[in-house]
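Peer 1: Take a look at work-v2.cif, mmCIF, C-alpha atoms and all ligand atoms:
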```cif
data_entry
loop_
_atom_site.label_atom_id
_atom_site.label_comp_id
_atom_site.auth_asym_id
_atom_site.auth_seq_id
_atom_site.Cartn_x
_atom_site.Cartn_y
_atom_site.Cartn_z
CA MET J 1 12.59 -4.15 -65.09
CA ARG J 2 11.63 -7.73 -64.41
CA LEU J 3 10.34 -8.26 -60.87
CA PRO J 4 11.62 -11.31 -59.09
CA TYR J 5 8.06 -12.22 -58.08
CA SER J 6 5.07 -11.79 -60.37
CA ALA J 7 1.71 -10.29 -59.30
CA PRO J 8 -0.66 -12.93 -57.95
CA VAL J 9 -4.16 -13.06 -59.43
CA HIS J 10 -7.08 -13.63 -57.08
CA PRO J 11 -10.84 -13.24 -57.51
CA PRO J 12 -12.69 -10.22 -56.15
CA LEU J 13 -14.18 -10.62 -52.68
CA ASN J 14 -17.45 -12.43 -52.71
CA THR J 15 -19.12 -12.56 -49.32
CA ASP J 16 -22.67 -13.74 -49.56
CA SER J 17 -24.71 -12.60 -46.60
CA ARG J 18 -24.82 -14.77 -43.54
CA ILE J 19 -26.78 -14.68 -40.33
CA LEU J 20 -24.07 -14.26 -37.72
CA LEU J 21 -25.19 -15.98 -34.54
CA GLY J 22 -21.80 -16.82 -33.10
CA PRO J 23 -20.19 -14.99 -30.19
CA GLY J 24 -19.14 -12.17 -32.53
CA PRO J 25 -18.81 -10.52 -34.89
CA SER J 26 -22.51 -9.75 -35.22
CA ASN J 27 -24.36 -8.68 -38.32
CA VAL J 28 -24.01 -5.02 -39.14
CA ASP J 29 -26.84 -2.65 -40.01
CA PRO J 30 -26.62 -1.36 -43.63
CA ARG J 31 -26.28 2.16 -42.25
CA VAL J 32 -23.08 1.09 -40.52
CA LEU J 33 -21.69 -0.48 -43.68
CA GLN J 34 -22.49 2.70 -45.56
CA ALA J 35 -20.69 4.81 -42.97
CA MET J 36 -17.70 2.56 -43.34
CA ALA J 37 -17.64 3.22 -47.06
CA ALA J 38 -17.63 7.03 -46.61
CA SER J 39 -14.80 8.94 -48.32
CA MET J 40 -11.52 8.93 -46.52
CA VAL J 41 -10.57 12.03 -44.56
CA GLY J 42 -7.40 12.84 -42.68
CA HIS J 43 -7.07 11.87 -39.04
CA LEU J 44 -6.71 15.55 -38.07
CA ASP J 45 -9.43 16.80 -40.44
CA PRO J 46 -11.92 18.97 -38.50
CA LEU J 47 -14.72 16.67 -39.64
CA PHE J 48 -12.97 13.67 -38.15
CA LEU J 49 -12.09 15.54 -34.95
CA GLU J 50 -15.73 16.48 -34.53
CA THR J 51 -16.73 12.85 -35.15
CA MET J 52 -14.25 11.75 -32.48
CA ASP J 53 -15.94 14.03 -29.95
CA ARG J 54 -19.32 12.66 -30.91
CA ILE J 55 -18.09 9.07 -30.64
CA GLN J 56 -16.87 9.78 -27.13
CA ASP J 57 -20.21 11.32 -26.22
CA LEU J 58 -22.08 8.32 -27.61
CA LEU J 59 -19.72 5.89 -25.86
CA ARG J 60 -20.37 7.63 -22.55
CA TYR J 61 -24.06 6.94 -23.15
CA ALA J 62 -23.37 3.28 -23.97
CA PHE J 63 -21.21 2.87 -20.84
CA GLN J 64 -23.61 5.06 -18.79
CA SER J 65 -20.67 7.04 -17.55
CA GLN J 66 -19.45 10.61 -17.47
CA ASN J 67 -15.80 9.63 -17.48
CA PRO J 68 -13.83 12.13 -19.59
CA LEU J 69 -11.35 9.39 -20.51
CA THR J 70 -13.65 7.30 -22.72
CA ILE J 71 -12.25 6.32 -26.12
CA PRO J 72 -12.27 3.53 -28.67
CA VAL J 73 -8.85 1.85 -28.56
CA SER J 74 -7.52 1.11 -32.05
CA GLY J 75 -7.65 -2.66 -31.88
CA THR J 76 -10.15 -5.36 -30.97
CA GLY J 77 -11.56 -6.21 -27.56
CA SER J 78 -8.28 -7.85 -26.57
CA ALA J 79 -6.48 -4.56 -27.23
CA ALA J 80 -8.93 -2.85 -24.89
CA MET J 81 -8.31 -5.60 -22.31
CA GLU J 82 -4.57 -5.09 -22.66
CA THR J 83 -4.99 -1.30 -22.45
CA ALA J 84 -6.91 -1.63 -19.18
CA LEU J 85 -4.26 -3.83 -17.59
CA ALA J 86 -1.16 -2.21 -19.12
CA ASN J 87 -2.14 1.27 -17.97
CA LEU J 88 -2.86 0.30 -14.37
CA ILE J 89 -0.19 -2.30 -13.67
CA GLU J 90 3.38 -1.42 -12.83
CA PRO J 91 6.00 -4.14 -12.32
CA GLY J 92 5.44 -5.92 -9.01
CA ASP J 93 1.94 -4.55 -8.42
CA PRO J 94 -0.39 -7.04 -6.72
CA VAL J 95 -3.21 -8.04 -9.08
CA LEU J 96 -6.17 -10.34 -8.49
CA ILE J 97 -7.88 -11.89 -11.48
CA CYS J 98 -11.09 -13.88 -11.22
CA VAL J 99 -10.91 -16.78 -13.66
CA ASN J 100 -13.94 -18.87 -14.61
CA GLY J 101 -13.33 -19.21 -18.33
CA PHE J 102 -11.17 -18.51 -21.36
CA PHE J 103 -11.16 -14.71 -21.19
CA GLY J 104 -10.24 -14.61 -17.50
CA GLU J 105 -7.24 -16.73 -18.44
CA ARG J 106 -6.34 -14.23 -21.15
CA MET J 107 -6.36 -11.43 -18.57
CA VAL J 108 -3.91 -13.43 -16.43
CA ASP J 109 -1.58 -13.90 -19.38
CA ILE J 110 -1.65 -10.18 -20.18
CA ALA J 111 -1.24 -9.02 -16.56
CA ARG J 112 1.79 -11.30 -16.15
CA ARG J 113 3.38 -9.86 -19.30
CA TYR J 114 3.16 -6.42 -17.66
CA GLN J 115 4.91 -7.96 -14.65
CA GLY J 116 1.98 -7.75 -12.29
CA ASP J 117 2.29 -9.95 -9.22
CA VAL J 118 -0.77 -11.92 -10.27
CA ARG J 119 -2.90 -14.13 -8.10
CA THR J 120 -5.96 -15.81 -9.46
CA LEU J 121 -9.24 -16.71 -7.88
CA GLN J 122 -10.44 -19.76 -9.74
CA ARG J 123 -13.95 -21.07 -10.22
CA PRO J 124 -14.87 -24.02 -12.37
CA TRP J 125 -15.82 -22.94 -15.87
CA ALA J 126 -19.50 -21.97 -16.07
CA GLU J 127 -19.72 -20.84 -12.44
CA VAL J 128 -19.68 -17.27 -11.14
CA PHE J 129 -18.02 -15.59 -8.14
CA THR J 130 -19.55 -14.38 -4.89
CA LEU J 131 -18.55 -11.05 -3.38
CA GLU J 132 -17.58 -12.85 -0.19
CA GLU J 133 -14.99 -15.08 -1.82
CA ILE J 134 -13.39 -12.13 -3.64
CA GLU J 135 -13.36 -10.16 -0.40
CA ALA J 136 -11.77 -13.05 1.50
CA GLU J 137 -9.01 -13.09 -1.11
CA LEU J 138 -8.45 -9.34 -0.76
CA LYS J 139 -8.34 -9.63 3.03
CA ALA J 140 -5.61 -12.22 2.67
CA ARG J 141 -3.73 -10.07 0.18
CA PRO J 142 -4.87 -6.63 -0.98
CA ALA J 143 -4.57 -6.00 -4.70
CA LYS J 144 -4.10 -2.79 -6.63
CA VAL J 145 -6.15 -4.16 -9.51
CA VAL J 146 -9.02 -6.66 -9.44
CA ALA J 147 -10.20 -7.84 -12.84
CA ILE J 148 -13.29 -9.82 -13.74
CA VAL J 149 -15.29 -10.72 -16.85
CA HIS J 150 -18.95 -9.66 -16.92
CA GLY J 151 -20.12 -12.04 -19.64
CA GLU J 152 -17.74 -15.02 -20.03
CA THR J 153 -18.32 -15.73 -23.69
CA SER J 154 -16.57 -19.09 -23.39
CA THR J 155 -19.18 -20.44 -20.96
CA GLY J 156 -22.21 -18.18 -21.24
CA ALA J 157 -22.10 -17.19 -17.53
CA LEU J 158 -23.02 -13.67 -16.45
CA GLN J 159 -21.18 -12.32 -13.41
CA PRO J 160 -23.29 -10.21 -11.02
CA LEU J 161 -21.44 -6.97 -10.25
CA GLU J 162 -23.61 -5.28 -7.62
CA GLY J 163 -21.53 -4.07 -4.69
CA MET J 164 -18.28 -5.33 -6.16
CA ALA J 165 -16.61 -2.00 -6.97
CA ALA J 166 -17.37 -0.58 -3.51
CA MET J 167 -16.00 -3.72 -1.86
CA VAL J 168 -12.82 -3.62 -3.99
CA ARG J 169 -12.40 0.10 -3.30
CA GLY J 170 -12.81 -0.62 0.42
CA HIS J 171 -9.69 -2.77 0.15
CA GLY J 172 -7.81 -0.07 -1.75
CA GLY J 173 -8.14 -1.61 -5.22
CA LEU J 174 -9.45 -0.69 -8.64
CA LEU J 175 -12.06 -2.81 -10.38
CA VAL J 176 -11.60 -3.65 -14.07
CA VAL J 177 -14.60 -5.20 -15.83
CA ASP J 178 -14.59 -6.91 -19.22
CA ALA J 179 -17.90 -6.08 -20.91
CA VAL J 180 -16.83 -7.18 -24.39
CA ALA J 181 -19.82 -9.47 -24.85
CA THR J 182 -22.37 -7.54 -22.82
CA LEU J 183 -22.21 -3.77 -23.32
CA GLY J 184 -25.31 -2.60 -25.14
CA GLY J 185 -27.07 -5.97 -24.77
CA VAL J 186 -27.66 -6.15 -21.02
CA PRO J 187 -27.73 -3.53 -18.27
CA MET J 188 -24.28 -2.15 -17.49
CA LEU J 189 -24.27 1.15 -15.63
CA VAL J 190 -20.59 1.92 -15.17
CA ASP J 191 -20.90 5.00 -12.94
CA GLU J 192 -23.73 3.65 -10.86
CA LEU J 193 -21.84 0.39 -10.28
CA GLY J 194 -18.71 2.40 -9.47
CA ILE J 195 -16.56 0.45 -11.93
CA ASP J 196 -13.09 1.96 -12.35
CA VAL J 197 -12.30 0.62 -15.81
CA CYS J 198 -14.69 -1.01 -18.25
CA TYR J 199 -14.04 -2.01 -21.84
CA THR J 200 -15.82 -3.68 -24.71
CA GLY J 201 -15.44 -4.56 -28.40
CA SER J 202 -17.03 -2.89 -31.40
CA GLN J 203 -18.24 -6.12 -33.01
CA LYS J 204 -20.69 -7.68 -30.58
CA CYS J 205 -23.68 -5.89 -29.04
CA LEU J 206 -22.53 -2.57 -30.51
CA SER J 207 -22.75 -4.21 -33.95
CA SER J 208 -19.94 -2.44 -35.72
CA PRO J 209 -17.20 -4.32 -37.58
CA PRO J 210 -14.37 -5.71 -35.42
CA GLY J 211 -11.39 -3.43 -34.92
CA LEU J 212 -12.13 -1.01 -32.08
CA GLY J 213 -12.13 -1.58 -28.34
CA PRO J 214 -14.05 1.11 -26.47
CA ILE J 215 -12.77 1.72 -22.95
CA THR J 216 -13.67 4.06 -20.11
CA LEU J 217 -11.54 4.99 -17.10
CA GLY J 218 -13.03 6.52 -13.97
CA PRO J 219 -11.37 9.25 -11.90
CA ARG J 220 -9.52 6.88 -9.57
CA ALA J 221 -8.07 4.92 -12.47
CA ALA J 222 -7.11 8.15 -14.25
CA GLU J 223 -5.35 9.27 -11.09
CA VAL J 224 -3.41 6.02 -10.84
CA LEU J 225 -2.40 6.40 -14.47
CA ALA J 226 -1.26 9.99 -13.95
CA GLY J 227 0.74 8.99 -10.87
CA ARG J 228 2.65 6.08 -12.42
CA LYS J 229 6.32 5.80 -11.55
CA SER J 230 7.21 3.85 -14.68
CA PRO J 231 6.05 4.36 -18.26
CA VAL J 232 3.24 2.10 -19.49
CA GLY J 233 4.80 -1.11 -20.79
CA SER J 234 3.17 -0.75 -24.23
CA TRP J 235 3.88 2.38 -26.26
CA TYR J 236 0.87 1.93 -28.55
CA LEU J 237 -1.66 1.35 -25.79
CA ASP J 238 -0.32 4.00 -23.40
CA LEU J 239 -3.39 6.12 -22.70
CA THR J 240 -1.29 9.08 -21.59
CA GLY J 241 -0.28 9.43 -25.25
CA VAL J 242 -3.55 8.30 -26.82
CA GLN J 243 -5.65 10.67 -24.72
CA LYS J 244 -3.70 13.67 -26.04
CA TYR J 245 -5.08 12.81 -29.47
CA TRP J 246 -8.62 12.12 -28.26
CA GLY J 247 -8.57 15.03 -25.80
CA LYS J 248 -8.17 18.78 -26.32
CA GLU J 249 -4.52 18.77 -27.45
CA ARG J 250 -5.19 16.78 -30.65
CA THR J 251 -1.57 15.73 -30.73
CA TYR J 252 -0.81 13.02 -33.27
CA HIS J 253 -0.29 9.66 -31.60
CA HIS J 254 -1.12 7.15 -34.31
CA THR J 255 -3.29 7.37 -37.41
CA ALA J 256 -6.79 6.55 -36.24
CA PRO J 257 -8.57 3.81 -38.21
CA ILE J 258 -10.89 6.35 -39.81
CA SER J 259 -13.39 4.01 -41.48
CA ALA J 260 -13.71 1.81 -38.41
CA ASN J 261 -14.48 4.92 -36.36
CA PHE J 262 -17.05 6.08 -38.91
CA ALA J 263 -18.72 2.69 -38.62
CA LEU J 264 -18.68 2.79 -34.83
CA TYR J 265 -20.13 6.29 -34.92
CA GLU J 266 -23.11 5.11 -36.94
CA ALA J 267 -23.54 1.97 -34.82
CA LEU J 268 -23.57 4.08 -31.65
CA ARG J 269 -26.05 6.49 -33.22
CA LEU J 270 -28.30 3.51 -33.92
CA LEU J 271 -27.99 2.37 -30.30
CA ALA J 272 -28.84 5.85 -29.03
CA GLU J 273 -31.82 6.06 -31.39
CA GLU J 274 -33.17 2.74 -30.17
CA GLY J 275 -32.29 3.54 -26.55
CA LEU J 276 -30.35 1.29 -24.20
CA GLU J 277 -33.40 0.00 -22.37
CA ALA J 278 -35.13 -0.96 -25.61
CA SER J 279 -31.96 -2.68 -26.78
CA TRP J 280 -31.70 -4.66 -23.53
CA THR J 281 -35.36 -5.68 -23.87
CA ARG J 282 -34.86 -6.78 -27.48
CA HIS J 283 -31.81 -8.86 -26.53
CA ARG J 284 -33.69 -10.54 -23.68
CA ARG J 285 -36.76 -11.25 -25.81
CA CYS J 286 -34.62 -12.93 -28.47
CA ALA J 287 -32.70 -14.94 -25.87
CA GLU J 288 -35.90 -16.17 -24.23
CA LEU J 289 -37.29 -17.24 -27.59
CA LEU J 290 -34.08 -19.14 -28.22
CA TRP J 291 -34.16 -20.80 -24.78
CA GLU J 292 -37.75 -21.92 -25.28
CA GLY J 293 -37.01 -23.14 -28.78
CA VAL J 294 -33.96 -25.20 -27.88
CA ALA J 295 -35.90 -26.82 -25.02
CA ASP J 296 -38.55 -27.84 -27.58
CA LEU J 297 -35.74 -29.49 -29.56
CA ASP J 298 -34.76 -31.50 -26.44
CA LEU J 299 -31.55 -29.57 -26.06
CA THR J 300 -30.32 -28.36 -22.68
CA LEU J 301 -28.53 -25.18 -21.66
CA LEU J 302 -25.24 -25.17 -19.78
CA ILE J 303 -25.91 -22.20 -17.52
CA PRO J 304 -28.90 -21.98 -15.17
CA GLU J 305 -30.70 -18.71 -14.62
CA PRO J 306 -30.09 -16.14 -13.17
CA TYR J 307 -26.41 -16.44 -14.21
CA ARG J 308 -27.19 -17.15 -17.85
CA MET J 309 -25.94 -14.58 -20.33
CA VAL J 310 -28.63 -13.12 -22.52
CA THR J 311 -26.23 -12.25 -25.31
CA VAL J 312 -24.41 -15.59 -25.66
CA THR J 313 -26.15 -18.88 -24.90
CA THR J 314 -24.27 -22.15 -24.45
CA VAL J 315 -26.21 -25.23 -25.54
CA ARG J 316 -25.00 -28.72 -24.63
CA VAL J 317 -24.20 -30.91 -27.62
CA PRO J 318 -26.30 -34.09 -27.25
CA ASP J 319 -24.49 -37.43 -27.01
CA GLY J 320 -23.76 -38.96 -30.37
CA VAL J 321 -24.05 -35.67 -32.29
CA ASN J 322 -21.05 -34.41 -34.21
CA GLU J 323 -21.13 -30.75 -33.21
CA ALA J 324 -18.79 -29.53 -35.96
CA GLN J 325 -20.89 -31.26 -38.59
CA VAL J 326 -24.02 -29.49 -37.34
CA ARG J 327 -22.25 -26.13 -37.49
CA GLY J 328 -20.98 -26.94 -40.97
CA ARG J 329 -24.47 -27.74 -42.21
CA LEU J 330 -25.89 -24.60 -40.63
CA ARG J 331 -23.23 -22.59 -42.44
CA GLU J 332 -23.40 -24.31 -45.83
CA GLU J 333 -27.11 -25.08 -46.14
CA PHE J 334 -28.68 -22.31 -44.10
CA LYS J 335 -26.01 -19.55 -44.15
CA ILE J 336 -26.15 -19.37 -40.38
CA GLU J 337 -23.03 -19.13 -38.26
CA ILE J 338 -22.87 -20.37 -34.68
CA ALA J 339 -19.71 -21.34 -32.77
CA GLY J 340 -18.36 -24.40 -31.01
CA GLY J 341 -16.92 -24.51 -27.51
CA LEU J 342 -13.63 -22.93 -26.48
CA GLY J 343 -10.94 -24.47 -24.29
CA GLU J 344 -12.42 -26.93 -21.76
CA LEU J 345 -15.80 -26.79 -23.48
CA LYS J 346 -14.50 -27.61 -26.95
CA GLY J 347 -16.73 -30.24 -28.54
CA LYS J 348 -19.19 -30.07 -25.63
CA VAL J 349 -21.29 -26.98 -26.36
CA TRP J 350 -22.49 -24.73 -29.12
CA ARG J 351 -22.25 -21.02 -28.46
CA ILE J 352 -25.09 -19.00 -29.91
CA GLY J 353 -24.79 -15.24 -29.90
CA LEU J 354 -27.76 -12.94 -30.23
CA MET J 355 -26.09 -9.58 -30.18
CA GLY J 356 -26.63 -6.20 -31.74
CA HIS J 357 -28.15 -6.28 -35.20
CA SER J 358 -28.17 -10.11 -35.07
CA ALA J 359 -30.59 -10.06 -32.11
CA GLN J 360 -33.77 -10.27 -34.15
CA GLU J 361 -36.67 -12.65 -33.72
CA GLN J 362 -36.57 -13.80 -37.32
CA ASN J 363 -32.95 -14.86 -36.84
CA VAL J 364 -33.93 -16.97 -33.83
CA ALA J 365 -36.74 -18.55 -35.85
CA ALA J 366 -34.38 -19.26 -38.76
CA LEU J 367 -31.85 -20.92 -36.47
CA LEU J 368 -34.43 -23.03 -34.63
CA GLY J 369 -35.98 -24.15 -37.92
CA ALA J 370 -32.58 -25.11 -39.30
CA LEU J 371 -31.58 -26.97 -36.12
CA GLU J 372 -34.83 -28.91 -36.20
CA ARG J 373 -34.20 -29.95 -39.81
CA ILE J 374 -30.66 -31.07 -38.96
CA LEU J 375 -31.24 -32.72 -35.57
CA HIS J 376 -34.72 -34.15 -36.09
CA PRO J 377 -35.13 -34.79 -39.83
CA ALA J 378 -38.69 -35.85 -40.69
C1 LIG X 1 -15.50 -11.63 -22.89
C2 LIG X 1 -14.51 -11.34 -23.96
N1 LIG X 1 -13.39 -10.66 -23.66
C3 LIG X 1 -12.48 -10.38 -24.61
C4 LIG X 1 -12.64 -10.79 -25.90
C5 LIG X 1 -11.59 -10.47 -26.91
O1 LIG X 1 -12.08 -9.65 -27.91
P1 LIG X 1 -11.48 -9.67 -29.40
O2 LIG X 1 -11.69 -11.04 -29.95
O3 LIG X 1 -12.31 -8.62 -30.07
O4 LIG X 1 -10.06 -9.30 -29.32
C6 LIG X 1 -13.77 -11.50 -26.27
C7 LIG X 1 -13.97 -11.97 -27.64
O5 LIG X 1 -14.73 -12.85 -27.93
C8 LIG X 1 -14.73 -11.77 -25.27
O6 LIG X 1 -15.85 -12.45 -25.56
#
```
Have the structure of the file written as structure tokens, please.
Ligand SMILES: Cc1ncc(COP(=O)(O)O)c(C=O)c1O
Peer 2:
Amino acid sequence: MRLPYSAPVHPPLNTDSRILLGPGPSNVDPRVLQAMAASMVGHLDPLFLETMDRIQDLLRYAFQSQNPLTIPVSGTGSAAMETALANLIEPGDPVLICVNGFFGERMVDIARRYQGDVRTLQRPWAEVFTLEEIEAELKARPAKVVAIVHGETSTGALQPLEGMAAMVRGHGGLLVVDAVATLGGVPMLVDELGIDVCYTGSQKCLSSPPGLGPITLGPRAAEVLAGRKSPVGSWYLDLTGVQKYWGKERTYHHTAPISANFALYEALRLLAEEGLEASWTRHRRCAELLWEGVADLDLTLLIPEPYRMVTVTTVRVPDGVNEAQVRGRLREEFKIEIAGGLGELKGKVWRIGLMGHSAQEQNVAALLGALERILHPA
């Protein structure tokens, strides 16, 4: 039989190695790549089921939580974000979202799609929120869900969270925290902070390939989920179904992305071997080296301390410099990836990520050396 369309011919994949210093994905340890290449097993194979339990155990360590409902959502960080909001919000529920950058705006978009009655608390990009201003907003109108981004990757600002969950709870709400760009790289103690829902992505400080969105739900959030009057607006992300697969029942919900979970398992094992505190110290040491080095190159940082993210640094593009050209040269000549600005900051900043396996001193030195060659040629 003659097919109407003939088979296309393309070359085999050829990815030369790069130093990934953008805001994700990060470089991946060879052990993680090896785990990803392990033989395929079925999604109900006892070996995989056992691995699932171990992943959950390791994730609880990473989140510093004992929440039973702690799983990697099949999907990237945005899927975890959507899972958090979809499972808590019923149509008409009052929701407060703190917006000081691109990912806060994404939360608003998602919460509206699930028909939350969304109000936003806005701060100029690159600033952070005070407890008092969030509380004033909740006094004016209580919200069932309050959502905030811990590390706003678009600006490089780190939101302090101390006291926030207790304050939100005092007004009858649940606190959702986006830790996509921070978990594993900076202190984040979910139970101690009293956070109701926290989620992250596999590809940043956890240093696994993109594709999984770990999430943890505390007891109050689990109760709200169990007591919903309407079904969760997304079938795929409905945790009442997903948790039957990840919990004791082992009921099929969807075919888990086996290889991605194998990779995450190994990445989490690496994190546990290093220890969270050592990982936080390594991330900070690398960031401080970067900050010192960019100052020596006469570059300035967008975010002042103490609100500066350790894991993603935003560097102002000097006047007269074509930022895209610099990134292009870094990529082509030095095999180093950094990112440009997002949204309002497009063209104005570079975003440099030092996360997970990418957070190594030699990577900082390589980047600083390359930037010096490009910006200040001899
Ligand atoms: C703070 C934050 N939230 C959410 C996301 C979305 O994650 P993903 O791109 O994995 O869907 C990102 C990704 O950069 C992020 O930095």
Peer 1: Within 9 Å of Ala126 in chain J, counting only C-alpha atoms, which residues qualify if same-chain residues fewer than 3 places away don't, as a short mmCIF file (atom, residue, chain, number, x, y, z; two decimals) with C-alpha atoms, in the coordinates of the input?
Peer 2:
```cif
data_model
loop_
_atom_site.label_atom_id
_atom_site.label_comp_id
_atom_site.auth_asym_id
_atom_site.auth_seq_id
_atom_site.Cartn_x
_atom_site.Cartn_y
_atom_site.Cartn_z
CA ASN J 100 -13.94 -18.87 -14.61
CA GLY J 101 -13.33 -19.21 -18.33
CA ARG J 123 -13.95 -21.07 -10.22
CA GLU J 152 -17.74 -15.02 -20.03
CA SER J 154 -16.57 -19.09 -23.39
CA THR J 155 -19.18 -20.44 -20.96
CA GLY J 156 -22.21 -18.18 -21.24
CA ALA J 157 -22.10 -17.19 -17.53
CA LEU J 302 -25.24 -25.17 -19.78
CA ILE J 303 -25.91 -22.20 -17.52
#
```
Peer 1: Between J:Asp45, J:Glu333, J:Glu82, J:Asp29, single out the one closest to ligand LIG 1 (chain X), counting all atoms listed in the file.
Peer 2: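 For ligand LIG 1 (chain X), the nearest of the candidates is J:Glu82.
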Peer 1: Counting only C-alpha atoms, what is within 8 Å of Leu289 in chain J, bar same-chain residues fewer than 3 positions away, as a PDB file with C-alpha atoms, in the frame of the given file?
Peer 2:
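This is the output file result_37.pdb:
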```pdb
ATOM      1  CA  ARG J 285     -36.760 -11.250 -25.810  1.00  0.00           C
ATOM      2  CA  CYS J 286     -34.620 -12.930 -28.470  1.00  0.00           C
ATOM      3  CA  GLU J 292     -37.750 -21.920 -25.280  1.00  0.00           C
ATOM      4  CA  GLY J 293     -37.010 -23.140 -28.780  1.00  0.00           C
ATOM      5  CA  GLU J 361     -36.670 -12.650 -33.720  1.00  0.00           C
ATOM      6  CA  VAL J 364     -33.930 -16.970 -33.830  1.00  0.00           C
TER       7      VAL J 364
END
```
Peer 1: Counting all atoms listed in the file, which residues in chain J sit no more than 7 Å from ligand LIG 1 (chain X)? For each one, give the nearest pair of atoms and the distance in Å, sorted by chain then residue number, as JSON lines.
Peer 2:
```
{"residue": "J:Pro23", "atom": "CA", "partner": "X:LIG1", "partner_atom": "O5", "distance": 6.3}
{"residue": "J:Gly24", "atom": "CA", "partner": "X:LIG1", "partner_atom": "O5", "distance": 6.4}
{"residue": "J:Thr76", "atom": "CA", "partner": "X:LIG1", "partner_atom": "O3", "distance": 4.0}
{"residue": "J:Gly77", "atom": "CA", "partner": "X:LIG1", "partner_atom": "O1", "distance": 3.5}
{"residue": "J:Ser78", "atom": "CA", "partner": "X:LIG1", "partner_atom": "O4", "distance": 3.6}
{"residue": "J:Ala79", "atom": "CA", "partner": "X:LIG1", "partner_atom": "O4", "distance": 6.3}
{"residue": "J:Met81", "atom": "CA", "partner": "X:LIG1", "partner_atom": "C3", "distance": 6.7}
{"residue": "J:Phe103", "atom": "CA", "partner": "X:LIG1", "partner_atom": "N1", "distance": 5.2}
{"residue": "J:Val149", "atom": "CA", "partner": "X:LIG1", "partner_atom": "C1", "distance": 6.1}
{"residue": "J:Gly151", "atom": "CA", "partner": "X:LIG1", "partner_atom": "C1", "distance": 5.7}
{"residue": "J:Glu152", "atom": "CA", "partner": "X:LIG1", "partner_atom": "C1", "distance": 5.0}
{"residue": "J:Thr153", "atom": "CA", "partner": "X:LIG1", "partner_atom": "O6", "distance": 4.5}
{"residue": "J:Asp178", "atom": "CA", "partner": "X:LIG1", "partner_atom": "N1", "distance": 5.9}
{"residue": "J:Ala179", "atom": "CA", "partner": "X:LIG1", "partner_atom": "C1", "distance": 6.4}
{"residue": "J:Val180", "atom": "CA", "partner": "X:LIG1", "partner_atom": "C2", "distance": 4.8}
{"residue": "J:Ala181", "atom": "CA", "partner": "X:LIG1", "partner_atom": "O6", "distance": 5.0}
{"residue": "J:Gly201", "atom": "CA", "partner": "X:LIG1", "partner_atom": "O3", "distance": 5.4}
{"residue": "J:Pro210", "atom": "CA", "partner": "X:LIG1", "partner_atom": "O3", "distance": 6.4}
```
Peer 1: Write the residues of the selection above to a file with C-alpha atoms, as a PDB file, keeping the file's coordinate frame.
Peer 2:
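Generated file (selection02.pdb):
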```pdb
ATOM      1  CA  PRO J  23     -20.190 -14.990 -30.190  1.00  0.00           C
ATOM      2  CA  GLY J  24     -19.140 -12.170 -32.530  1.00  0.00           C
ATOM      3  CA  THR J  76     -10.150  -5.360 -30.970  1.00  0.00           C
ATOM      4  CA  GLY J  77     -11.560  -6.210 -27.560  1.00  0.00           C
ATOM      5  CA  SER J  78      -8.280  -7.850 -26.570  1.00  0.00           C
ATOM      6  CA  ALA J  79      -6.480  -4.560 -27.230  1.00  0.00           C
ATOM      7  CA  MET J  81      -8.310  -5.600 -22.310  1.00  0.00           C
ATOM      8  CA  PHE J 103     -11.160 -14.710 -21.190  1.00  0.00           C
ATOM      9  CA  VAL J 149     -15.290 -10.720 -16.850  1.00  0.00           C
ATOM     10  CA  GLY J 151     -20.120 -12.040 -19.640  1.00  0.00           C
ATOM     11  CA  GLU J 152     -17.740 -15.020 -20.030  1.00  0.00           C
ATOM     12  CA  THR J 153     -18.320 -15.730 -23.690  1.00  0.00           C
ATOM     13  CA  ASP J 178     -14.590  -6.910 -19.220  1.00  0.00           C
ATOM     14  CA  ALA J 179     -17.900  -6.080 -20.910  1.00  0.00           C
ATOM     15  CA  VAL J 180     -16.830  -7.180 -24.390  1.00  0.00           C
ATOM     16  CA  ALA J 181     -19.820  -9.470 -24.850  1.00  0.00           C
ATOM     17  CA  GLY J 201     -15.440  -4.560 -28.400  1.00  0.00           C
ATOM     18  CA  PRO J 210     -14.370  -5.710 -35.420  1.00  0.00           C
TER      19      PRO J 210
END
```
Peer 1: For the atom pair CA of Pro25 in chain J and CA of Ala287 in chain J, what is the interatomic distance in Å to one decimal place?
Peer 2: 17.1 Å
Peer 1: Could you pull the residues within 9 Å of Gln159 in chain J, counting all atoms listed in the file, minus those fewer than 6 positions along the same chain, as a PyMOL selection string?
Peer 2: chain J and resi 127-130+148-152+307-309
Peer 1: Need to verify the contact set: Asp53 in chain J, 12 Å, all atoms listed in the file, exclusion of same-chain residues closer than 2 positions in sequence. Can you return it as a list in words?
Peer 2: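 Final neighbour list, sorted by chain and number: Pro46, Leu47, Phe48, Leu49, Glu50, Thr51, Ile55, Gln56, Asp57, Leu58, Leu59, Arg60, Pro68, Leu69, Thr70, Ile71, Pro72, Tyr245, Trp246, Gly247, Lys248, Arg250, Asn261 and Tyr265 of chain J.
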Peer 1: If I put a ball of radius 12 Å at (-26.7, -5.5, -17.9) in the file's coordinates, which residues poke into it when counting all atoms listed in the file, written as a PyMOL selection string?
Peer 2: chain J and resi 62-64+150-151+158-162+179-190+192-193+205+276-277+279-281+283-284+307-311
Peer 1: Give the answer as one residue: which of J:Leu175, J:Leu96, J:Ala80, J:Ala166 has the shortest atom-to-atom distance to Ala140 in chain J, using all atoms listed in the file?
Peer 2: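 Distance minimum relative to Ala140 in chain J lands on J:Leu96.
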